[in-house]
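**Q** Can you keep this structure in mind? I'll have questions shortly.
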Amino acid sequence: MTKIILACAAGMSTSLLVNKMKEVAEAENIEASIKAIPEAEISQHLNECDVILLGPQVKFMIDEIRAIAAPQSIPVEVVPMQHYGMMNGKAVLELALSLKGGN
């Protein structure tokens, strides 16, 4: 099971993308736990994730969040704007799985 966290300013806009990702995971029989949280709560959820994806609106925080996640070797990446804007759940799920190293 891959545990994925999407973080944005308030955790709300990413929740739409989370739903799209869950639909793809279910359709493709991929075991994944995917949830959206506000970026301010990332440090409280480090034990619950394998991958952290940031919404484009908080990409300026990537270095700070990578530093927080580094002790637990959790990869952090920004969701590409085109995938975010199109709510492309498949592409974002594939990104998360590639960061973890597969399923």
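Residue numbers start at 1 in each chain; chains themselves are named A, B, ... in the order of the structure tokens; ligands are numbered from 1 in the order shown.
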Please tabulate, as JSON lines, the residues of region 41-84 of chain A that come within 10 Å of region 16-20 of chain A, each with its closest pair of atoms and the distance in Å to one decimal, counting only C-alpha atoms and ordering rows by chain, then residue number upward.
**A**
```
{"residue": "A:Gly55", "atom": "CA", "partner": "A:Leu17", "partner_atom": "CA", "distance": 9.7}
{"residue": "A:His83", "atom": "CA", "partner": "A:Leu17", "partner_atom": "CA", "distance": 9.3}
{"residue": "A:Tyr84", "atom": "CA", "partner": "A:Leu17", "partner_atom": "CA", "distance": 7.3}
```
**Q** Find the residues around Glu77 (chain A) up to 7 Å (only C-alpha atoms counted), leave out those fewer than 5 positions away in its own chain, and share them as a ChimeraX atom specification.
**A** /A:52-54
**Q** So, counting only C-alpha atoms, which residue among A:Ile42, A:Ala25, A:Asn88, A:Asn47 is closest to Arg66 (chain A)?
**A**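 Of A:Ile42, A:Ala25, A:Asn88, A:Asn47, the one nearest Arg66 (chain A) is A:Ile42, counting only C-alpha atoms.
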**Q** Of the candidates A:Pro38, A:Pro75, A:Ile68, A:Gly89, which one gets nearest to Val51 (chain A) if we count only C-alpha atoms?
**A**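 With only C-alpha atoms as the atom set, the closest residue is A:Pro75.
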**Q** Just asking: which residues within chain A are helix (DSSP H, G or I) according to DSSP, as a PDB file with N, CA and C atoms, in the first residue's frame?
**A**
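Output (selection_10.pdb):
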```
ATOM      1  N   SER A  13      -8.346  22.550  -2.080  1.00  0.00           N
ATOM      2  CA  SER A  13      -8.289  22.402  -3.534  1.00  0.00           C
ATOM      3  C   SER A  13      -7.704  21.048  -3.919  1.00  0.00           C
ATOM      4  N   THR A  14      -6.782  20.548  -3.127  1.00  0.00           N
ATOM      5  CA  THR A  14      -6.210  19.244  -3.440  1.00  0.00           C
ATOM      6  C   THR A  14      -7.184  18.109  -3.175  1.00  0.00           C
ATOM      7  N   SER A  15      -8.205  18.328  -2.371  1.00  0.00           N
ATOM      8  CA  SER A  15      -9.152  17.249  -2.099  1.00  0.00           C
ATOM      9  C   SER A  15      -9.892  16.822  -3.370  1.00  0.00           C
ATOM     10  N   LEU A  16     -10.094  17.738  -4.294  1.00  0.00           N
ATOM     11  CA  LEU A  16     -10.703  17.372  -5.575  1.00  0.00           C
ATOM     12  C   LEU A  16      -9.782  16.431  -6.345  1.00  0.00           C
ATOM     13  N   LEU A  17      -8.502  16.743  -6.339  1.00  0.00           N
ATOM     14  CA  LEU A  17      -7.524  15.897  -7.019  1.00  0.00           C
ATOM     15  C   LEU A  17      -7.397  14.550  -6.326  1.00  0.00           C
ATOM     16  N   VAL A  18      -7.473  14.532  -5.024  1.00  0.00           N
ATOM     17  CA  VAL A  18      -7.435  13.277  -4.273  1.00  0.00           C
ATOM     18  C   VAL A  18      -8.549  12.351  -4.740  1.00  0.00           C
ATOM     19  N   ASN A  19      -9.753  12.886  -4.907  1.00  0.00           N
ATOM     20  CA  ASN A  19     -10.877  12.060  -5.362  1.00  0.00           C
ATOM     21  C   ASN A  19     -10.611  11.463  -6.740  1.00  0.00           C
ATOM     22  N   LYS A  20     -10.030  12.246  -7.628  1.00  0.00           N
ATOM     23  CA  LYS A  20      -9.693  11.749  -8.974  1.00  0.00           C
ATOM     24  C   LYS A  20      -8.640  10.644  -8.878  1.00  0.00           C
ATOM     25  N   MET A  21      -7.655  10.839  -8.029  1.00  0.00           N
ATOM     26  CA  MET A  21      -6.608   9.838  -7.853  1.00  0.00           C
ATOM     27  C   MET A  21      -7.177   8.541  -7.279  1.00  0.00           C
ATOM     28  N   LYS A  22      -8.079   8.670  -6.322  1.00  0.00           N
ATOM     29  CA  LYS A  22      -8.706   7.480  -5.731  1.00  0.00           C
ATOM     30  C   LYS A  22      -9.511   6.705  -6.771  1.00  0.00           C
ATOM     31  N   GLU A  23     -10.188   7.411  -7.650  1.00  0.00           N
ATOM     32  CA  GLU A  23     -10.955   6.754  -8.720  1.00  0.00           C
ATOM     33  C   GLU A  23     -10.034   5.931  -9.615  1.00  0.00           C
ATOM     34  N   VAL A  24      -8.905   6.505  -9.980  1.00  0.00           N
ATOM     35  CA  VAL A  24      -7.935   5.804 -10.828  1.00  0.00           C
ATOM     36  C   VAL A  24      -7.355   4.602 -10.092  1.00  0.00           C
ATOM     37  N   ALA A  25      -6.972   4.794  -8.844  1.00  0.00           N
ATOM     38  CA  ALA A  25      -6.397   3.701  -8.058  1.00  0.00           C
ATOM     39  C   ALA A  25      -7.372   2.530  -7.959  1.00  0.00           C
ATOM     40  N   GLU A  26      -8.623   2.849  -7.709  1.00  0.00           N
ATOM     41  CA  GLU A  26      -9.631   1.784  -7.600  1.00  0.00           C
ATOM     42  C   GLU A  26      -9.818   1.077  -8.938  1.00  0.00           C
ATOM     43  N   ALA A  27      -9.924   1.841 -10.018  1.00  0.00           N
ATOM     44  CA  ALA A  27     -10.131   1.263 -11.349  1.00  0.00           C
ATOM     45  C   ALA A  27      -8.964   0.375 -11.778  1.00  0.00           C
ATOM     46  N   GLU A  39      -0.694  22.429   4.260  1.00  0.00           N
ATOM     47  CA  GLU A  39       0.768  22.294   4.364  1.00  0.00           C
ATOM     48  C   GLU A  39       1.268  22.472   5.792  1.00  0.00           C
ATOM     49  N   ALA A  40       0.561  23.246   6.584  1.00  0.00           N
ATOM     50  CA  ALA A  40       0.984  23.494   7.965  1.00  0.00           C
ATOM     51  C   ALA A  40       0.935  22.237   8.830  1.00  0.00           C
ATOM     52  N   GLU A  41       0.234  21.198   8.374  1.00  0.00           N
ATOM     53  CA  GLU A  41       0.096  19.965   9.154  1.00  0.00           C
ATOM     54  C   GLU A  41       1.020  18.833   8.708  1.00  0.00           C
ATOM     55  N   ILE A  42       1.871  19.091   7.739  1.00  0.00           N
ATOM     56  CA  ILE A  42       2.713  18.019   7.200  1.00  0.00           C
ATOM     57  C   ILE A  42       3.520  17.313   8.287  1.00  0.00           C
ATOM     58  N   SER A  43       4.140  18.065   9.167  1.00  0.00           N
ATOM     59  CA  SER A  43       4.995  17.429  10.178  1.00  0.00           C
ATOM     60  C   SER A  43       4.205  16.497  11.098  1.00  0.00           C
ATOM     61  N   GLN A  44       2.914  16.732  11.230  1.00  0.00           N
ATOM     62  CA  GLN A  44       2.070  15.872  12.070  1.00  0.00           C
ATOM     63  C   GLN A  44       1.689  14.569  11.382  1.00  0.00           C
ATOM     64  N   HIS A  45       1.927  14.478  10.065  1.00  0.00           N
ATOM     65  CA  HIS A  45       1.493  13.311   9.289  1.00  0.00           C
ATOM     66  C   HIS A  45       2.649  12.512   8.694  1.00  0.00           C
ATOM     67  N   LEU A  46       3.862  12.789   9.096  1.00  0.00           N
ATOM     68  CA  LEU A  46       5.013  12.111   8.497  1.00  0.00           C
ATOM     69  C   LEU A  46       4.986  10.600   8.695  1.00  0.00           C
ATOM     70  N   ASN A  47       4.440  10.145   9.799  1.00  0.00           N
ATOM     71  CA  ASN A  47       4.376   8.700  10.047  1.00  0.00           C
ATOM     72  C   ASN A  47       3.275   8.018   9.251  1.00  0.00           C
ATOM     73  N   GLU A  48       2.486   8.801   8.541  1.00  0.00           N
ATOM     74  CA  GLU A  48       1.337   8.262   7.797  1.00  0.00           C
ATOM     75  C   GLU A  48       1.524   8.327   6.297  1.00  0.00           C
ATOM     76  N   PRO A  56       0.662  23.208  -6.626  1.00  0.00           N
ATOM     77  CA  PRO A  56       1.509  24.251  -7.226  1.00  0.00           C
ATOM     78  C   PRO A  56       1.512  25.569  -6.454  1.00  0.00           C
ATOM     79  N   GLN A  57       0.429  25.856  -5.749  1.00  0.00           N
ATOM     80  CA  GLN A  57       0.348  27.131  -5.023  1.00  0.00           C
ATOM     81  C   GLN A  57       1.281  27.202  -3.821  1.00  0.00           C
ATOM     82  N   VAL A  58       1.823  26.070  -3.385  1.00  0.00           N
ATOM     83  CA  VAL A  58       2.779  26.079  -2.272  1.00  0.00           C
ATOM     84  C   VAL A  58       4.153  25.549  -2.700  1.00  0.00           C
ATOM     85  N   LYS A  59       4.430  25.583  -3.999  1.00  0.00           N
ATOM     86  CA  LYS A  59       5.719  25.062  -4.479  1.00  0.00           C
ATOM     87  C   LYS A  59       6.908  25.818  -3.899  1.00  0.00           C
ATOM     88  N   PHE A  60       6.685  27.067  -3.499  1.00  0.00           N
ATOM     89  CA  PHE A  60       7.776  27.847  -2.901  1.00  0.00           C
ATOM     90  C   PHE A  60       8.265  27.234  -1.589  1.00  0.00           C
ATOM     91  N   MET A  61       7.498  26.305  -1.018  1.00  0.00           N
ATOM     92  CA  MET A  61       7.854  25.678   0.260  1.00  0.00           C
ATOM     93  C   MET A  61       8.594  24.352   0.099  1.00  0.00           C
ATOM     94  N   ILE A  62       8.890  23.971  -1.131  1.00  0.00           N
ATOM     95  CA  ILE A  62       9.430  22.624  -1.349  1.00  0.00           C
ATOM     96  C   ILE A  62      10.717  22.359  -0.565  1.00  0.00           C
ATOM     97  N   ASP A  63      11.632  23.316  -0.521  1.00  0.00           N
ATOM     98  CA  ASP A  63      12.882  23.078   0.219  1.00  0.00           C
ATOM     99  C   ASP A  63      12.626  22.874   1.709  1.00  0.00           C
ATOM    100  N   GLU A  64      11.741  23.683   2.261  1.00  0.00           N
ATOM    101  CA  GLU A  64      11.395  23.560   3.680  1.00  0.00           C
ATOM    102  C   GLU A  64      10.747  22.210   3.978  1.00  0.00           C
ATOM    103  N   ILE A  65       9.841  21.789   3.126  1.00  0.00           N
ATOM    104  CA  ILE A  65       9.133  20.525   3.357  1.00  0.00           C
ATOM    105  C   ILE A  65      10.054  19.335   3.103  1.00  0.00           C
ATOM    106  N   ARG A  66      10.927  19.446   2.124  1.00  0.00           N
ATOM    107  CA  ARG A  66      11.912  18.370   1.922  1.00  0.00           C
ATOM    108  C   ARG A  66      12.801  18.220   3.151  1.00  0.00           C
ATOM    109  N   ALA A  67      13.164  19.320   3.773  1.00  0.00           N
ATOM    110  CA  ALA A  67      13.987  19.259   4.983  1.00  0.00           C
ATOM    111  C   ALA A  67      13.236  18.577   6.120  1.00  0.00           C
ATOM    112  N   ILE A  68      11.943  18.837   6.238  1.00  0.00           N
ATOM    113  CA  ILE A  68      11.118  18.204   7.273  1.00  0.00           C
ATOM    114  C   ILE A  68      10.998  16.700   7.019  1.00  0.00           C
ATOM    115  N   ALA A  69      10.855  16.324   5.747  1.00  0.00           N
ATOM    116  CA  ALA A  69      10.626  14.921   5.382  1.00  0.00           C
ATOM    117  C   ALA A  69      11.920  14.112   5.259  1.00  0.00           C
ATOM    118  N   ALA A  70      13.050  14.788   5.116  1.00  0.00           N
ATOM    119  CA  ALA A  70      14.327  14.105   4.868  1.00  0.00           C
ATOM    120  C   ALA A  70      14.718  13.069   5.924  1.00  0.00           C
ATOM    121  N   PRO A  71      14.544  13.349   7.214  1.00  0.00           N
ATOM    122  CA  PRO A  71      14.957  12.349   8.209  1.00  0.00           C
ATOM    123  C   PRO A  71      14.260  11.002   8.042  1.00  0.00           C
ATOM    124  N   GLN A  72      13.068  11.006   7.450  1.00  0.00           N
ATOM    125  CA  GLN A  72      12.344   9.755   7.241  1.00  0.00           C
ATOM    126  C   GLN A  72      12.405   9.299   5.782  1.00  0.00           C
ATOM    127  N   MET A  81       1.772  21.880 -12.749  1.00  0.00           N
ATOM    128  CA  MET A  81       0.609  22.756 -12.903  1.00  0.00           C
ATOM    129  C   MET A  81      -0.401  22.202 -13.906  1.00  0.00           C
ATOM    130  N   GLN A  82       0.065  21.646 -15.019  1.00  0.00           N
ATOM    131  CA  GLN A  82      -0.881  21.141 -16.018  1.00  0.00           C
ATOM    132  C   GLN A  82      -1.720  19.999 -15.464  1.00  0.00           C
ATOM    133  N   HIS A  83      -1.111  19.105 -14.690  1.00  0.00           N
ATOM    134  CA  HIS A  83      -1.865  17.986 -14.105  1.00  0.00           C
ATOM    135  C   HIS A  83      -2.828  18.484 -13.040  1.00  0.00           C
ATOM    136  N   TYR A  84      -2.374  19.463 -12.277  1.00  0.00           N
ATOM    137  CA  TYR A  84      -3.218  20.027 -11.216  1.00  0.00           C
ATOM    138  C   TYR A  84      -4.416  20.746 -11.834  1.00  0.00           C
ATOM    139  N   GLY A  85      -4.149  21.586 -12.807  1.00  0.00           N
ATOM    140  CA  GLY A  85      -5.215  22.357 -13.432  1.00  0.00           C
ATOM    141  C   GLY A  85      -6.251  21.496 -14.126  1.00  0.00           C
ATOM    142  N   GLY A  89      -5.941  12.910 -12.293  1.00  0.00           N
ATOM    143  CA  GLY A  89      -5.650  11.970 -11.216  1.00  0.00           C
ATOM    144  C   GLY A  89      -4.700  10.863 -11.614  1.00  0.00           C
ATOM    145  N   LYS A  90      -4.817  10.396 -12.846  1.00  0.00           N
ATOM    146  CA  LYS A  90      -3.947   9.316 -13.317  1.00  0.00           C
ATOM    147  C   LYS A  90      -2.490   9.757 -13.336  1.00  0.00           C
ATOM    148  N   ALA A  91      -2.219  10.908 -13.912  1.00  0.00           N
ATOM    149  CA  ALA A  91      -0.837  11.386 -14.007  1.00  0.00           C
ATOM    150  C   ALA A  91      -0.243  11.663 -12.627  1.00  0.00           C
ATOM    151  N   VAL A  92      -1.038  12.215 -11.729  1.00  0.00           N
ATOM    152  CA  VAL A  92      -0.526  12.536 -10.395  1.00  0.00           C
ATOM    153  C   VAL A  92      -0.306  11.259  -9.585  1.00  0.00           C
ATOM    154  N   LEU A  93      -1.196  10.294  -9.737  1.00  0.00           N
ATOM    155  CA  LEU A  93      -0.996   9.005  -9.061  1.00  0.00           C
ATOM    156  C   LEU A  93       0.272   8.337  -9.582  1.00  0.00           C
ATOM    157  N   GLU A  94       0.483   8.374 -10.891  1.00  0.00           N
ATOM    158  CA  GLU A  94       1.695   7.796 -11.469  1.00  0.00           C
ATOM    159  C   GLU A  94       2.949   8.493 -10.939  1.00  0.00           C
ATOM    160  N   LEU A  95       2.879   9.809 -10.786  1.00  0.00           N
ATOM    161  CA  LEU A  95       4.004  10.560 -10.217  1.00  0.00           C
ATOM    162  C   LEU A  95       4.294  10.063  -8.800  1.00  0.00           C
ATOM    163  N   ALA A  96       3.266   9.957  -7.992  1.00  0.00           N
ATOM    164  CA  ALA A  96       3.454   9.511  -6.608  1.00  0.00           C
ATOM    165  C   ALA A  96       4.048   8.107  -6.549  1.00  0.00           C
ATOM    166  N   LEU A  97       3.536   7.223  -7.368  1.00  0.00           N
ATOM    167  CA  LEU A  97       4.046   5.838  -7.370  1.00  0.00           C
ATOM    168  C   LEU A  97       5.494   5.791  -7.839  1.00  0.00           C
ATOM    169  N   SER A  98       5.840   6.636  -8.803  1.00  0.00           N
ATOM    170  CA  SER A  98       7.222   6.646  -9.294  1.00  0.00           C
ATOM    171  C   SER A  98       8.174   7.154  -8.217  1.00  0.00           C
ATOM    172  N   LEU A  99       7.711   8.093  -7.398  1.00  0.00           N
ATOM    173  CA  LEU A  99       8.552   8.614  -6.318  1.00  0.00           C
ATOM    174  C   LEU A  99       8.805   7.559  -5.257  1.00  0.00           C
ATOM    175  N   LYS A 100       7.809   6.737  -5.014  1.00  0.00           N
ATOM    176  CA  LYS A 100       7.959   5.680  -4.005  1.00  0.00           C
ATOM    177  C   LYS A 100       8.738   4.511  -4.573  1.00  0.00           C
TER     178      LYS A 100
END
```
**Q** At what distance in Å, to one decimal, does CA of Ser73 (chain A) lie from CA of Glu28 (chain A)?
**A**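 Distance between the two atoms: 27.0 Å.
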**Q** Write down as a ChimeraX atom specification the residues belonging to chain A that are assigned strand (DSSP E) by DSSP computed on the backbone.
**A** /A:2-8,32-38,51-54,76-78
**Q** For the residues in the current selection, export C-alpha atoms as a short mmCIF file (atom, residue, chain, number, x, y, z; two decimals), in the first residue's frame.
**A**
```cif
data_model
loop_
_atom_site.label_atom_id
_atom_site.label_comp_id
_atom_site.auth_asym_id
_atom_site.auth_seq_id
_atom_site.Cartn_x
_atom_site.Cartn_y
_atom_site.Cartn_z
CA THR A 2 1.31 3.41 -0.98
CA LYS A 3 0.39 6.22 1.40
CA ILE A 4 0.20 9.56 -0.38
CA ILE A 5 -0.36 13.00 1.07
CA LEU A 6 -1.24 16.01 -1.06
CA ALA A 7 -0.65 19.32 0.65
CA CYS A 8 -1.78 22.79 -0.31
CA ALA A 32 -3.21 3.45 -2.12
CA SER A 33 -4.19 5.66 0.76
CA ILE A 34 -4.50 9.22 -0.51
CA LYS A 35 -5.45 12.28 1.50
CA ALA A 36 -5.27 16.05 1.36
CA ILE A 37 -3.99 18.19 4.22
CA PRO A 38 -2.98 21.81 4.77
CA VAL A 51 5.14 10.31 -0.54
CA ILE A 52 4.29 14.00 -0.17
CA LEU A 53 2.99 15.95 -3.14
CA LEU A 54 2.58 19.70 -3.00
CA VAL A 76 8.54 15.41 -1.81
CA GLU A 77 7.57 16.79 -5.20
CA VAL A 78 5.33 19.49 -6.65
#
```
